[in-house]
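Visitor: Take this structure, written in structure tokens, and hold onto it; I'll ask about it next.
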Amino acid sequence: MKITIAKNAGFCFGVKRAIDTALESSQNKENPVYMLGDIVHNENVVEKIERTGIKKIKNLSPYQKGSLLIRAHGSAKKIVEKAATLGLKVIDATCPMVKEIHKIAIEMDAQGYKIIVIGDHKHDEVQGIVGQIPHKAIVLEDMADIKKKITKKIPKAAVVIQSTQNLEKVLQMKAALETYVADLQFFNTICSPTRLKQTEIKTLPQQNDCVIVIGSKTSANTKRLYQIAKSLNPNSHWVNSAAKLKKEWFTRVQSVGITAGASTPDETIQEIKSYIETNFS
Ligand code: SF4
């Protein structure tokens, strides 16, 4: 059995940078560090970071003293401001590509454009983007949302995109939005690692009998890789550990393609590859 790991599988530079920032901040044992929610969407990575002494919290409270680590996908402005009010030092691990989306949203909002974010409403990154601006943004997850949430014509709007969205879906939504907005400014803010992964996933399912997509069930970009893979090859499966692999997926299979979301560590990818080689090939 031939096993191919996609060239751009796993950690993107934004996630690597956030993890390095977290590990570095944990060195100073005198200064407790808190992270609000998961720094990246991967349980193994979060556990590793917690083992260094960094505490995961759900809310900010006056009892916390030390530093607050801002995750790779950013936070709303009011969270950073609250941390400063409470006397916490802010360690910002927000990916530069997410910062760029914040910058566009802030600038266009200040110029009077309605901000439209194409993305998953509940995702940290989307919450962080809408939380940068004083006016209410519209978040659109899919085509159905356009009809539901845009009930009248908008004179001018600026569209930004959650960094890990699927480009094809976004372009369809852009075309639909053009009928509602007279002056539509469109910013393709899908990040470069996501674009590379999405290009790879268009060929991997066709070149292999089976596709394994590795990543946490909470990872939006892994979910999208899986959706694309599944649409092209029904024998595509999404797992987060070797324990979830099923023997029947590999019956009469001669080639397996492996890819992984941006927050999946290399150890997990290698572990799953070895497990397939040992048990199913
Ligand atoms: S997926 Fe893209 S935006 Fe998100 S952390 Fe990685 S490089 Fe940055």
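In the structure tokens, the first chain shown is A, the next is B, and so on; residue numbers restart at 1 for each chain, and ligands run from 1 in the order shown.
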Which residues sit within 8 Å of ligand 1, counting only C-alpha atoms and all ligand atoms, listed as a PDB file with C-alpha atoms, in the first residue's frame?

Guide:
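The resulting file, out-v1.pdb, is reproduced below:
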```pdb
ATOM      1  CA  PHE A  11       0.666  23.044  11.299  1.00  0.00           C
ATOM      2  CA  CYS A  12       0.512  26.361   9.464  1.00  0.00           C
ATOM      3  CA  PHE A  13       2.941  29.126  10.409  1.00  0.00           C
ATOM      4  CA  GLY A  14       0.259  30.977  12.445  1.00  0.00           C
ATOM      5  CA  VAL A  15      -0.355  27.969  14.677  1.00  0.00           C
ATOM      6  CA  ALA A  18       1.149  30.785  18.597  1.00  0.00           C
ATOM      7  CA  ALA A  72      -3.960  32.235  17.139  1.00  0.00           C
ATOM      8  CA  HIS A  73      -7.373  33.219  15.840  1.00  0.00           C
ATOM      9  CA  THR A  94      -2.915  36.305  17.050  1.00  0.00           C
ATOM     10  CA  CYS A  95      -1.808  35.150  13.596  1.00  0.00           C
ATOM     11  CA  PRO A  96      -0.641  38.091  11.424  1.00  0.00           C
ATOM     12  CA  MET A  97      -3.102  36.974   8.740  1.00  0.00           C
ATOM     13  CA  VAL A  98      -5.997  37.318  11.183  1.00  0.00           C
ATOM     14  CA  SER A 163      -9.217  32.714   6.990  1.00  0.00           C
ATOM     15  CA  THR A 164     -10.053  29.024   6.599  1.00  0.00           C
ATOM     16  CA  ILE A 190      -8.549  33.254   3.062  1.00  0.00           C
ATOM     17  CA  CYS A 191      -4.966  32.735   4.276  1.00  0.00           C
ATOM     18  CA  SER A 192      -2.192  31.306   2.104  1.00  0.00           C
ATOM     19  CA  PRO A 193      -1.718  28.029   4.076  1.00  0.00           C
ATOM     20  CA  THR A 194      -5.466  27.358   3.713  1.00  0.00           C
ATOM     21  CA  ASN A 221     -10.304  24.119   8.580  1.00  0.00           C
ATOM     22  CA  ALA A 262      -3.627  23.564  10.432  1.00  0.00           C
ATOM     23  CA  SER A 263      -3.591  22.736  14.156  1.00  0.00           C
TER      24      SER A 263
END
```

Visitor: Which parts of range 146-248 of chain A does DSSP call helix (DSSP H, G or I) when run on the backbone here, written out as a ChimeraX atom specification?

Guide: /A:146-149,167-177,192-207,220-232,242-244,247-248

Visitor: Could you write out the selected residues, including C-alpha atoms, as a compact mmCIF listing (two decimals), in the first residue's frame?

Guide:
```txt
# COMPACT_ATOMS: atom_id res chain seq x y z
CA ILE A 146 -27.92 35.63 2.69
CA LYS A 147 -31.68 35.43 2.15
CA LYS A 148 -32.33 35.11 5.86
CA LYS A 149 -30.12 37.94 7.09
CA LEU A 167 -12.92 29.61 -1.75
CA GLU A 168 -15.50 28.11 -4.12
CA LYS A 169 -18.32 28.50 -1.65
CA VAL A 170 -17.21 32.06 -0.89
CA LEU A 171 -17.16 33.05 -4.57
CA GLN A 172 -20.72 31.80 -5.02
CA MET A 173 -21.76 33.86 -2.01
CA LYS A 174 -19.96 36.91 -3.38
CA ALA A 175 -21.94 36.65 -6.64
CA ALA A 176 -25.21 36.41 -4.70
CA LEU A 177 -24.27 39.39 -2.50
CA SER A 192 -2.19 31.31 2.10
CA PRO A 193 -1.72 28.03 4.08
CA THR A 194 -5.47 27.36 3.71
CA ARG A 195 -5.33 28.06 -0.04
CA LEU A 196 -2.41 25.64 -0.45
CA LYS A 197 -4.21 22.94 1.54
CA GLN A 198 -7.41 23.45 -0.47
CA THR A 199 -5.50 23.15 -3.76
CA GLU A 200 -3.88 19.90 -2.60
CA ILE A 201 -7.15 18.41 -1.44
CA LYS A 202 -8.57 18.72 -4.95
CA THR A 203 -6.10 16.15 -6.29
CA LEU A 204 -5.35 13.93 -3.27
CA PRO A 205 -8.82 12.24 -3.23
CA GLN A 206 -8.62 11.49 -6.95
CA GLN A 207 -5.11 10.07 -6.77
CA ALA A 220 -13.04 24.46 11.19
CA ASN A 221 -10.30 24.12 8.58
CA THR A 222 -10.11 20.33 9.07
CA LYS A 223 -13.86 20.12 8.62
CA ARG A 224 -13.63 21.93 5.30
CA LEU A 225 -10.76 19.74 4.08
CA TYR A 226 -12.87 16.70 4.95
CA GLN A 227 -15.96 18.07 3.15
CA ILE A 228 -13.96 18.67 -0.04
CA ALA A 229 -12.28 15.24 0.18
CA LYS A 230 -15.58 13.44 0.80
CA SER A 231 -17.23 15.14 -2.19
CA LEU A 232 -14.45 13.84 -4.44
CA ALA A 242 -5.14 6.20 15.22
CA ALA A 243 -7.72 4.62 17.55
CA LYS A 244 -10.52 5.96 15.32
CA LYS A 247 -10.12 -1.71 9.12
CA GLU A 248 -12.86 -1.76 6.46
```

Visitor: Please report, as number ranges by chain, each residue of range 4-82 of chain A to which DSSP assigns strand (DSSP E or B) when run on this structure's backbone.

Guide: A: 4-5, 33-36, 55-57, 67-70

Visitor: Work out how far CA of Asp183 in chain A is from CA of Val117 in chain A, in Å to one decimal.

Guide: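 CA of Asp183 in chain A lies at a distance of 15.8 Å from CA of Val117 in chain A.
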
Visitor: I'd like the contact shell of Ala22 in chain A - 10 Å cut-off, only C-alpha atoms, skipping same-chain residues fewer than 4 positions apart - returned as a PyMOL selection string.

Guide: chain A and resi 16-18+26-27+33-35+39+49-50+52+54+69-71+91-93

Visitor: Take the residues from that selection and put them in a file with C-alpha atoms, as a short mmCIF file (atom, residue, chain, number, x, y, z; two decimals), in the first residue's frame.

Guide:
```cif
data_model
loop_
_atom_site.label_atom_id
_atom_site.label_comp_id
_atom_site.auth_asym_id
_atom_site.auth_seq_id
_atom_site.Cartn_x
_atom_site.Cartn_y
_atom_site.Cartn_z
CA LYS A 16 3.38 27.25 15.03
CA ARG A 17 3.96 30.86 16.00
CA ALA A 18 1.15 30.78 18.60
CA SER A 26 5.45 29.65 30.19
CA GLN A 27 9.20 29.88 30.95
CA VAL A 33 -0.19 32.87 32.17
CA TYR A 34 -3.84 32.31 31.26
CA MET A 35 -5.36 31.38 27.95
CA ILE A 39 -5.09 28.55 21.92
CA ILE A 49 0.45 23.75 26.66
CA GLU A 50 -1.51 23.22 29.88
CA THR A 52 3.70 23.79 30.94
CA ILE A 54 -0.50 27.80 31.42
CA LEU A 69 -2.34 34.86 26.06
CA ILE A 70 -4.46 35.72 23.01
CA ARG A 71 -5.00 32.68 20.78
CA ILE A 91 0.64 38.36 25.16
CA ASP A 92 -0.74 38.49 21.66
CA ALA A 93 -0.35 35.25 19.68
#
```
